[in-house]
There are 2 protein chains.
Amino acid sequence: MPNTNRQWKLAARPKGLITPDVLQLTECPIPVVQQGQALARVKYLSMDPTMRIWMADIPQYMPPVAIGDVMRSFGFAEIIESRHPEFKKGDKVTGLTGLQDYALIGSGETSNFQKLPSIPFLADTSFLGVLGINGLTAYFGLLEIGKPQSGETLVVSAAAGATGSIAGQIGKIHGCRVVGIAGSDEKCKWLKDDLGFDAAINYKHPDWKQQFSAAIPQGIDIDFENVGGEIMQTVMNRMNLGGRVVLCGLISGYTKEDPGMASFAQVLTKRLRVQGFIILDYVSRFMDAGKQLGMWKMMGKLKDRQTIVQGLEKAPDAINMLFTGENMGKLIVEV
Amino acid sequence: MPNTNRQWKLAARPKGLITPDVLQLTECPIPVVQQGQALARVKYLSMDPTMRIWMADIPQYMPPVAIGDVMRSFGFAEIIESRHPEFKKGDKVTGLTGLQDYALIGSGETSNFQKLPSIPFLADTSFLGVLGINGLTAYFGLLEIGKPQSGETLVVSAAAGATGSIAGQIGKIHGCRVVGIAGSDEKCKWLKDDLGFDAAINYKHPDWKQQFSAAIPQGIDIDFENVGGEIMQTVMNRMNLGGRVVLCGLISGYTKEDPGMASFAQVLTKRLRVQGFIILDYVSRFMDAGKQLGMWKMMGKLKDRQTIVQGLEKAPDAINMLFTGENMGKLIVEV
């Protein structure tokens, strides 16, 4: 066993992709295990797009990694020494190991590790993917937010990625027509031939939007969105009434500015729910609501005000007043 | 009674605001009432931003108005002649009258009219606003999608408009802190002094964003969004975790192109539900989900694949592979 621990520390905030100045490889002694701690040898590190978010000094769902700190990441590790009540030597664990050779469990962010069961025929790396954070993300995102119904059409972007490939398969398990969007013919072949996707579209083909439209004859009921930008907009344009968008990632925007996606980034990191609304969907309940509104109005709890324009001939000008902000309260044309 | 019916017909699709070539004022004879029809004298026309959408030849929630047709609008009218079983002379009704002097009920879009109760002290025009489409929109949009809880902060844009002014008051009835955004000091004064809003911000003031931040010390739980564009983005930046956005209108985009709002326009007209998702919210259920994923994996229903990069020293390059699309399946660094 070597006596140094290599660590990738965050040295600068990235602008686009990770340039050599962003992460710095350093060495330090392997930490001494104190009471209540355990030392784990990191074997596999999970590479996730969200790492790029953690590097940026922007409001997000966890604190950004501080300059000078070991870069955060998920990882798979094996306990090599323990003075921690929950772990013993030889235990296999996953958690936020960080980009380093050794993780000290029971200090700082490394306090939340999970001991893994020993399952025959299952590779250790599965605990970082299909049975790890990606599998769980696909599972809860699709089932809790997407709520797939048999016969519905599910579109998955970044479909050949760790999360997308599982989301699509869970969609198949639930009886959906599943269409993946990915960035190479090889990825699309894998999705169709090995994973059983109904169709897979390579967005780098010039006519991919036509191919995509042909692959979703019934429109789209659920978008499991990992990408954002033009791909998301193309999907959104083909959504069916009452469709659901699981906003799981916006990877196209992580390494560049995309003002069109700025609000969706807020929706993602703050787990907002945005729902479109057209009053026509509530026609059958108008009478009850009208009674309640009338009651509030009589009780003086609702006040209203009109801006009245005289004469049918003024109707076109009146419409424009709505957009120039000239009216207050309800704008009405008296015929 | 004059013997002609003036009608505003859609002559051309508007580009921005309504220019004189868009609507054409024509005259025709007052229609003769057939069996099953009634004739109504239109008294008040409701001016609504959605009319601008109806004029455009884009996919939307109702068919666009055809060139040459009477322009669609809500209106308040009085029955002057009836051969219709549900209406008698003197009845007051609301419905899609269109921009004209007389509406023939029982033909085409004018078939869905509602007879109004006679309520003392209530102006006829209230049936187009607070007790009409705007009141109903505010009621269902806020209560069904926004789900306001006492003590939460509600922000309403276009707050001095027909719908926003009611939405804010319903928020107050439900115990919310209500902050309105409007376009003049006079409007803001009305919202605060007459309607009881806790604060109202004039977005035309140069420092409105600072004023706005000061007015929402606890952040924003619900956005009743009528405007879109920069106003919506400013609101979104200040939303709390798990907040809700009732996407009711995007009026800033109806008369001009705003690519940043194109996907939100789809959310609005198709009543989509977009929900941000971060796996951390589901930590307490990881164990059960892991068992299910493991089961599917053993049964061969879930397949996974790894791209493995050798060596901790390659970690920065590996992160970049996520954004350049070089990996397939789960990307892992073997330490």
# chains A, B, ... in the order shown; residues from 1 in each chain; ligands from 1
$ calpha_fit_and_write --fixed "chain B" --moving "chain A" --output "tab-separated table (two decimals) with C-alpha atoms, in the first residue's frame"
chain	number	residue	atom	x	y	z
A	1	MET	CA	-83.32	48.97	-34.32
A	2	PRO	CA	-80.92	49.40	-37.25
A	3	ASN	CA	-81.11	46.68	-39.86
A	4	THR	CA	-77.42	46.05	-40.30
A	5	ASN	CA	-74.94	44.07	-38.25
A	6	ARG	CA	-71.44	45.54	-38.08
A	7	GLN	CA	-68.72	42.90	-37.90
A	8	TRP	CA	-64.96	43.03	-37.48
A	9	LYS	CA	-63.56	40.35	-39.77
A	10	LEU	CA	-60.02	39.02	-39.73
A	11	ALA	CA	-58.49	40.25	-42.98
A	12	ALA	CA	-54.79	39.46	-42.42
A	13	ARG	CA	-52.56	37.77	-39.83
A	14	PRO	CA	-50.91	40.35	-37.56
A	15	LYS	CA	-47.13	40.64	-37.29
A	16	GLY	CA	-46.84	42.64	-34.07
A	17	LEU	CA	-49.59	44.87	-32.76
A	18	ILE	CA	-52.93	45.01	-34.60
A	19	THR	CA	-52.38	47.27	-37.63
A	20	PRO	CA	-55.29	48.66	-39.72
A	21	ASP	CA	-54.98	45.90	-42.34
A	22	VAL	CA	-55.56	43.10	-39.81
A	23	LEU	CA	-59.22	43.66	-38.98
A	24	GLN	CA	-61.81	44.97	-41.43
A	25	LEU	CA	-65.14	46.52	-40.38
A	26	THR	CA	-67.94	45.20	-42.61
A	27	GLU	CA	-71.71	45.34	-42.58
A	28	CYS	CA	-74.26	42.66	-43.34
A	29	PRO	CA	-77.97	42.24	-42.72
A	30	ILE	CA	-79.03	41.15	-39.26
A	31	PRO	CA	-79.48	37.38	-39.54
A	32	VAL	CA	-82.96	35.86	-39.68
A	33	VAL	CA	-83.60	33.59	-36.71
A	34	GLN	CA	-84.26	29.96	-37.65
A	35	GLN	CA	-85.83	27.27	-35.48
A	36	GLY	CA	-83.37	26.37	-32.67
A	37	GLN	CA	-81.64	29.75	-32.83
A	38	ALA	CA	-81.77	33.01	-30.91
A	39	LEU	CA	-80.59	36.50	-31.75
A	40	ALA	CA	-78.66	38.48	-29.18
A	41	ARG	CA	-77.75	42.16	-29.15
A	42	VAL	CA	-74.13	42.40	-28.04
A	43	LYS	CA	-73.69	44.99	-25.29
A	44	TYR	CA	-70.16	44.47	-23.98
A	45	LEU	CA	-67.13	42.82	-25.55
A	46	SER	CA	-64.37	41.32	-23.43
A	47	MET	CA	-60.88	42.27	-24.61
A	48	ASP	CA	-58.45	39.47	-23.80
A	49	PRO	CA	-54.78	38.93	-24.69
A	50	THR	CA	-55.62	35.48	-26.02
A	51	MET	CA	-57.40	37.19	-28.94
A	52	ARG	CA	-53.96	37.94	-30.33
A	53	ILE	CA	-53.19	34.20	-30.24
A	54	TRP	CA	-56.46	33.35	-32.00
A	55	MET	CA	-55.44	35.72	-34.83
A	56	ALA	CA	-52.16	33.90	-35.48
A	57	ASP	CA	-51.82	30.89	-37.71
A	58	ILE	CA	-49.96	28.82	-35.13
A	59	PRO	CA	-50.86	25.60	-33.30
A	60	GLN	CA	-52.98	26.59	-30.31
A	61	TYR	CA	-55.68	25.41	-27.95
A	62	MET	CA	-58.57	26.40	-30.25
A	63	PRO	CA	-58.59	26.65	-34.05
A	64	PRO	CA	-57.15	29.99	-35.19
A	65	VAL	CA	-59.74	32.40	-36.58
A	66	ALA	CA	-59.89	31.89	-40.35
A	67	ILE	CA	-59.19	34.81	-42.66
A	68	GLY	CA	-62.57	36.31	-43.57
A	69	ASP	CA	-64.30	35.12	-40.39
A	70	VAL	CA	-65.74	37.39	-37.72
A	71	MET	CA	-63.05	37.93	-35.09
A	72	ARG	CA	-63.66	35.72	-32.06
A	73	SER	CA	-64.20	37.30	-28.65
A	74	PHE	CA	-66.12	36.81	-25.45
A	75	GLY	CA	-69.04	39.13	-24.92
A	76	PHE	CA	-72.12	39.98	-22.89
A	77	ALA	CA	-75.38	40.15	-24.82
A	78	GLU	CA	-79.14	40.31	-24.39
A	79	ILE	CA	-81.56	38.04	-26.25
A	80	ILE	CA	-83.87	40.09	-28.49
A	81	GLU	CA	-85.57	37.26	-30.37
A	82	SER	CA	-85.65	33.54	-29.66
A	83	ARG	CA	-86.69	30.32	-31.35
A	84	HIS	CA	-84.21	28.48	-29.09
A	85	PRO	CA	-85.57	26.27	-26.29
A	86	GLU	CA	-83.11	27.54	-23.64
A	87	PHE	CA	-83.35	31.29	-24.17
A	88	LYS	CA	-86.18	33.80	-24.09
A	89	LYS	CA	-86.31	37.47	-25.00
A	90	GLY	CA	-84.67	39.61	-22.32
A	91	ASP	CA	-82.27	36.90	-21.11
A	92	LYS	CA	-78.76	38.10	-20.44
A	93	VAL	CA	-76.03	35.78	-21.72
A	94	THR	CA	-72.25	35.48	-22.06
A	95	GLY	CA	-70.31	33.51	-24.63
A	96	LEU	CA	-68.26	33.81	-27.78
A	97	THR	CA	-70.21	36.62	-29.37
A	98	GLY	CA	-67.44	37.73	-31.69
A	99	LEU	CA	-66.70	41.36	-32.49
A	100	GLN	CA	-70.11	42.35	-33.87
A	101	ASP	CA	-73.39	44.07	-33.00
A	102	TYR	CA	-75.54	40.94	-33.12
A	103	ALA	CA	-74.72	37.31	-32.40
A	104	LEU	CA	-76.82	34.45	-33.71
A	105	ILE	CA	-76.94	31.83	-30.95
A	106	GLY	CA	-77.21	28.22	-32.06
A	107	SER	CA	-74.88	28.32	-35.03
A	108	GLY	CA	-71.16	27.57	-35.15
A	109	GLU	CA	-69.07	28.85	-32.27
A	110	THR	CA	-72.00	30.77	-30.84
A	111	SER	CA	-73.65	27.54	-29.69
A	112	ASN	CA	-72.15	27.57	-26.22
A	113	PHE	CA	-73.82	30.49	-24.45
A	114	GLN	CA	-74.58	30.70	-20.80
A	115	LYS	CA	-77.66	32.36	-19.34
A	116	LEU	CA	-76.79	34.67	-16.47
A	117	PRO	CA	-78.59	34.92	-13.16
A	118	SER	CA	-79.97	38.30	-12.19
A	119	ILE	CA	-78.03	39.45	-9.14
A	120	PRO	CA	-78.85	42.79	-7.52
A	121	PHE	CA	-76.07	45.39	-7.23
A	122	LEU	CA	-73.92	43.52	-9.73
A	123	ALA	CA	-72.96	45.37	-12.92
A	124	ASP	CA	-73.46	43.48	-16.18
A	125	THR	CA	-69.78	44.01	-16.95
A	126	SER	CA	-68.82	41.95	-13.87
A	127	PHE	CA	-69.87	38.87	-15.85
A	128	LEU	CA	-67.01	39.51	-18.25
A	129	GLY	CA	-64.41	40.11	-15.53
A	130	VAL	CA	-64.50	39.10	-11.90
A	131	LEU	CA	-67.38	36.64	-12.43
A	132	GLY	CA	-66.41	35.79	-15.97
A	133	ILE	CA	-63.52	34.27	-17.78
A	134	ASN	CA	-60.91	36.24	-15.83
A	135	GLY	CA	-62.31	35.42	-12.41
A	136	LEU	CA	-62.62	31.77	-13.35
A	137	THR	CA	-59.10	31.71	-14.76
A	138	ALA	CA	-57.69	33.24	-11.58
A	139	TYR	CA	-59.76	30.89	-9.43
A	140	PHE	CA	-58.88	27.56	-11.06
A	141	GLY	CA	-55.34	28.53	-12.03
A	142	LEU	CA	-54.37	29.66	-8.55
A	143	LEU	CA	-56.28	27.07	-6.53
A	144	GLU	CA	-55.81	23.95	-8.71
A	145	ILE	CA	-52.25	24.49	-9.89
A	146	GLY	CA	-50.79	27.03	-7.46
A	147	LYS	CA	-52.34	25.37	-4.40
A	148	PRO	CA	-51.69	28.36	-2.11
A	149	GLN	CA	-50.98	27.73	1.56
A	150	SER	CA	-51.34	30.32	4.27
A	151	GLY	CA	-48.06	32.14	4.81
A	152	GLU	CA	-46.66	31.42	1.38
A	153	THR	CA	-45.50	34.17	-0.96
A	154	LEU	CA	-47.43	34.58	-4.22
A	155	VAL	CA	-46.16	36.78	-7.04
A	156	VAL	CA	-48.56	37.88	-9.78
A	157	SER	CA	-47.35	39.48	-13.01
A	158	ALA	CA	-49.60	41.76	-15.07
A	159	ALA	CA	-51.13	42.16	-11.62
A	160	ALA	CA	-53.33	45.13	-12.54
A	161	GLY	CA	-54.88	43.22	-15.42
A	162	ALA	CA	-58.27	41.56	-15.35
A	163	THR	CA	-56.98	38.12	-14.34
A	164	GLY	CA	-53.96	39.13	-12.27
A	165	SER	CA	-55.93	41.52	-10.06
A	166	ILE	CA	-58.34	38.70	-9.13
A	167	ALA	CA	-55.59	36.09	-8.70
A	168	GLY	CA	-53.82	38.33	-6.21
A	169	GLN	CA	-56.99	38.91	-4.19
A	170	ILE	CA	-57.76	35.18	-4.10
A	171	GLY	CA	-54.21	34.73	-2.81
A	172	LYS	CA	-54.95	37.20	-0.01
A	173	ILE	CA	-58.19	35.33	0.81
A	174	HIS	CA	-56.03	32.21	1.23
A	175	GLY	CA	-53.56	33.91	3.56
A	176	CYS	CA	-50.65	34.45	1.20
A	177	ARG	CA	-48.22	37.33	1.12
A	178	VAL	CA	-49.07	38.76	-2.32
A	179	VAL	CA	-46.69	40.82	-4.43
A	180	GLY	CA	-47.84	42.25	-7.76
A	181	ILE	CA	-45.77	43.35	-10.73
A	182	ALA	CA	-47.34	46.02	-12.94
A	183	GLY	CA	-46.37	48.75	-15.37
A	184	SER	CA	-47.21	52.07	-13.68
A	185	ASP	CA	-47.17	53.72	-10.28
A	186	GLU	CA	-50.92	54.30	-10.60
A	187	LYS	CA	-51.53	50.57	-11.09
A	188	CYS	CA	-49.28	49.75	-8.14
A	189	LYS	CA	-51.11	52.21	-5.94
A	190	TRP	CA	-54.45	50.58	-6.87
A	191	LEU	CA	-53.10	47.11	-6.08
A	192	LYS	CA	-51.82	48.14	-2.66
A	193	ASP	CA	-54.38	50.68	-1.52
A	194	ASP	CA	-57.59	49.24	-2.95
A	195	LEU	CA	-56.96	45.53	-3.45
A	196	GLY	CA	-54.82	44.89	-0.39
A	197	PHE	CA	-51.70	43.52	-2.09
A	198	ASP	CA	-48.78	43.46	0.35
A	199	ALA	CA	-46.50	45.07	-2.21
A	200	ALA	CA	-46.63	46.11	-5.85
A	201	ILE	CA	-43.59	46.79	-8.02
A	202	ASN	CA	-43.53	48.96	-11.13
A	203	TYR	CA	-41.25	47.09	-13.54
A	204	LYS	CA	-40.64	50.29	-15.49
A	205	HIS	CA	-38.58	51.72	-12.61
A	206	PRO	CA	-34.85	51.26	-13.30
A	207	ASP	CA	-34.25	49.64	-9.91
A	208	TRP	CA	-37.37	47.46	-9.92
A	209	LYS	CA	-35.41	44.22	-9.42
A	210	GLN	CA	-33.93	45.54	-6.17
A	211	GLN	CA	-37.38	46.71	-5.02
A	212	PHE	CA	-38.77	43.32	-5.99
A	213	SER	CA	-36.14	41.41	-4.02
A	214	ALA	CA	-36.87	43.56	-0.99
A	215	ALA	CA	-40.58	42.75	-1.31
A	216	ILE	CA	-40.04	38.97	-1.17
A	217	PRO	CA	-37.86	38.41	1.91
A	218	GLN	CA	-38.96	34.75	2.09
A	219	GLY	CA	-38.51	34.08	-1.64
A	220	ILE	CA	-41.43	33.03	-3.84
A	221	ASP	CA	-43.55	29.91	-3.45
A	222	ILE	CA	-46.05	30.52	-6.26
A	223	ASP	CA	-45.73	32.49	-9.47
A	224	PHE	CA	-49.00	33.28	-11.20
A	225	GLU	CA	-47.39	34.08	-14.52
A	226	ASN	CA	-49.12	36.20	-17.12
A	227	VAL	CA	-46.18	37.90	-18.83
A	228	GLY	CA	-43.10	35.82	-19.64
A	229	GLY	CA	-39.79	37.22	-20.86
A	230	GLU	CA	-37.55	39.19	-18.52
A	231	ILE	CA	-40.23	39.56	-15.87
A	232	MET	CA	-40.78	35.81	-15.66
A	233	GLN	CA	-37.03	35.14	-15.61
A	234	THR	CA	-36.59	37.59	-12.75
A	235	VAL	CA	-39.34	35.83	-10.81
A	236	MET	CA	-37.97	32.35	-11.60
A	237	ASN	CA	-34.55	33.32	-10.24
A	238	ARG	CA	-36.14	33.95	-6.85
A	239	MET	CA	-38.40	30.91	-6.59
A	240	ASN	CA	-38.12	28.71	-3.54
A	241	LEU	CA	-37.44	24.96	-3.64
A	242	GLY	CA	-40.51	23.06	-4.73
A	243	GLY	CA	-42.29	26.21	-5.91
A	244	ARG	CA	-45.16	26.22	-8.39
A	245	VAL	CA	-45.55	28.26	-11.53
A	246	VAL	CA	-49.08	28.70	-12.88
A	247	LEU	CA	-48.35	29.44	-16.52
A	248	CYS	CA	-51.46	31.37	-17.44
A	249	GLY	CA	-50.17	33.82	-20.03
A	250	LEU	CA	-47.02	35.00	-21.79
A	251	ILE	CA	-48.34	38.34	-22.95
A	252	SER	CA	-44.89	39.86	-23.53
A	253	GLY	CA	-44.38	37.33	-26.32
A	254	TYR	CA	-47.71	37.56	-28.11
A	255	THR	CA	-46.71	40.50	-30.28
A	256	LYS	CA	-43.06	39.63	-30.82
A	257	GLU	CA	-40.76	36.65	-31.21
A	258	ASP	CA	-39.04	35.55	-28.01
A	259	PRO	CA	-37.06	32.36	-28.65
A	260	GLY	CA	-36.28	32.05	-24.94
A	261	MET	CA	-39.98	31.63	-24.28
A	262	ALA	CA	-40.82	29.30	-27.18
A	263	SER	CA	-40.85	26.18	-25.01
A	264	PHE	CA	-42.86	27.90	-22.29
A	265	ALA	CA	-45.44	28.80	-24.96
A	266	GLN	CA	-45.78	25.07	-25.61
A	267	VAL	CA	-46.16	24.45	-21.87
A	268	LEU	CA	-48.93	27.04	-21.75
A	269	THR	CA	-51.04	26.12	-24.75
A	270	LYS	CA	-50.68	22.36	-24.27
A	271	ARG	CA	-51.16	22.52	-20.50
A	272	LEU	CA	-47.92	20.60	-19.98
A	273	ARG	CA	-46.53	19.88	-16.55
A	274	VAL	CA	-42.78	20.44	-16.31
A	275	GLN	CA	-41.18	19.41	-13.06
A	276	GLY	CA	-37.60	19.72	-12.02
A	277	PHE	CA	-36.06	16.66	-10.44
A	278	ILE	CA	-33.07	16.09	-8.18
A	279	ILE	CA	-32.54	12.58	-6.87
A	280	LEU	CA	-31.62	13.82	-3.36
A	281	ASP	CA	-35.32	14.32	-2.61
A	282	TYR	CA	-35.85	10.55	-2.71
A	283	VAL	CA	-33.00	9.35	-0.49
A	284	SER	CA	-35.37	7.80	2.05
A	285	ARG	CA	-36.78	5.47	-0.61
A	286	PHE	CA	-33.50	4.38	-2.21
A	287	MET	CA	-33.53	0.94	-0.61
A	288	ASP	CA	-36.93	-0.09	-2.00
A	289	ALA	CA	-36.16	1.29	-5.43
A	290	GLY	CA	-32.78	-0.44	-5.45
A	291	LYS	CA	-34.47	-3.77	-4.78
A	292	GLN	CA	-36.86	-3.24	-7.69
A	293	LEU	CA	-34.03	-2.20	-10.01
A	294	GLY	CA	-31.99	-5.21	-8.91
A	295	MET	CA	-34.93	-7.49	-9.62
A	296	TRP	CA	-35.37	-6.08	-13.12
A	297	LYS	CA	-31.64	-6.39	-13.70
A	298	MET	CA	-31.61	-10.07	-12.65
A	299	MET	CA	-34.64	-10.77	-14.83
A	300	GLY	CA	-32.83	-9.31	-17.83
A	301	LYS	CA	-35.32	-6.46	-18.16
A	302	LEU	CA	-32.68	-3.85	-17.47
A	303	LYS	CA	-29.38	-3.95	-19.31
A	304	ASP	CA	-26.46	-1.72	-18.57
A	305	ARG	CA	-23.15	-0.94	-20.13
A	306	GLN	CA	-20.07	0.89	-18.95
A	307	THR	CA	-17.42	3.01	-20.56
A	308	ILE	CA	-14.42	2.62	-18.24
A	309	VAL	CA	-11.49	5.01	-18.23
A	310	GLN	CA	-8.36	3.70	-16.51
A	311	GLY	CA	-6.57	5.78	-13.89
A	312	LEU	CA	-7.42	8.52	-11.43
A	313	GLU	CA	-5.17	10.84	-13.41
A	314	LYS	CA	-7.65	10.69	-16.32
A	315	ALA	CA	-10.61	11.99	-14.28
A	316	PRO	CA	-10.69	15.53	-15.77
A	317	ASP	CA	-10.65	14.16	-19.32
A	318	ALA	CA	-13.37	11.71	-18.36
A	319	ILE	CA	-15.65	14.49	-17.13
A	320	ASN	CA	-15.31	16.21	-20.49
A	321	MET	CA	-16.31	13.02	-22.30
A	322	LEU	CA	-19.79	13.47	-20.82
A	323	PHE	CA	-20.18	16.75	-22.69
A	324	THR	CA	-18.55	15.70	-25.95
A	325	GLY	CA	-20.67	12.56	-26.09
A	326	GLU	CA	-17.80	10.07	-26.23
A	327	ASN	CA	-19.13	7.61	-23.69
A	328	MET	CA	-21.91	5.06	-24.04
A	329	GLY	CA	-23.83	3.99	-20.95
A	330	LYS	CA	-22.27	4.63	-17.56
A	331	LEU	CA	-18.95	6.47	-17.56
A	332	ILE	CA	-16.61	5.27	-14.83
A	333	VAL	CA	-13.02	5.97	-13.85
A	334	GLU	CA	-11.23	2.93	-12.47
A	335	VAL	CA	-8.82	4.24	-9.89
$ select_by_dssp --residues "region 255-304 of chain B" --states "helix (DSSP H, G or I)" --output "count of residues only"
31
$ select_by_dssp --residues "region 86-335 of chain A" --states "strand (DSSP E)" --output "PyMOL selection string"
chain A and resi 92-95+102-105+114-115+153-157+177-182+199-202+220-225+239-247+273-276+306-310+330-334
$ decode --residues "region 149-179 of chain B" --atoms "C-alpha atoms" --output "mmCIF file, in the first residue's frame"
data_model
loop_
_atom_site.group_PDB
_atom_site.id
_atom_site.type_symbol
_atom_site.label_atom_id
_atom_site.label_comp_id
_atom_site.auth_asym_id
_atom_site.auth_seq_id
_atom_site.Cartn_x
_atom_site.Cartn_y
_atom_site.Cartn_z
ATOM 1 C CA GLN B 149 -50.984 27.686 1.552
ATOM 2 C CA SER B 150 -51.340 30.279 4.268
ATOM 3 C CA GLY B 151 -48.072 32.118 4.812
ATOM 4 C CA GLU B 152 -46.665 31.393 1.366
ATOM 5 C CA THR B 153 -45.499 34.136 -0.973
ATOM 6 C CA LEU B 154 -47.430 34.545 -4.228
ATOM 7 C CA VAL B 155 -46.152 36.739 -7.058
ATOM 8 C CA VAL B 156 -48.557 37.832 -9.794
ATOM 9 C CA SER B 157 -47.346 39.434 -13.024
ATOM 10 C CA ALA B 158 -49.614 41.702 -15.076
ATOM 11 C CA ALA B 159 -51.127 42.119 -11.634
ATOM 12 C CA ALA B 160 -53.317 45.072 -12.565
ATOM 13 C CA GLY B 161 -54.871 43.163 -15.442
ATOM 14 C CA ALA B 162 -58.273 41.514 -15.375
ATOM 15 C CA THR B 163 -56.987 38.078 -14.359
ATOM 16 C CA GLY B 164 -53.955 39.082 -12.276
ATOM 17 C CA SER B 165 -55.925 41.460 -10.086
ATOM 18 C CA ILE B 166 -58.332 38.671 -9.139
ATOM 19 C CA ALA B 167 -55.595 36.036 -8.713
ATOM 20 C CA GLY B 168 -53.815 38.276 -6.212
ATOM 21 C CA GLN B 169 -56.994 38.867 -4.218
ATOM 22 C CA ILE B 170 -57.757 35.138 -4.109
ATOM 23 C CA GLY B 171 -54.205 34.677 -2.820
ATOM 24 C CA LYS B 172 -54.948 37.150 -0.028
ATOM 25 C CA ILE B 173 -58.175 35.281 0.799
ATOM 26 C CA HIS B 174 -56.014 32.169 1.226
ATOM 27 C CA GLY B 175 -53.566 33.873 3.563
ATOM 28 C CA CYS B 176 -50.638 34.414 1.186
ATOM 29 C CA ARG B 177 -48.214 37.297 1.106
ATOM 30 C CA VAL B 178 -49.069 38.722 -2.329
ATOM 31 C CA VAL B 179 -46.688 40.781 -4.441
#
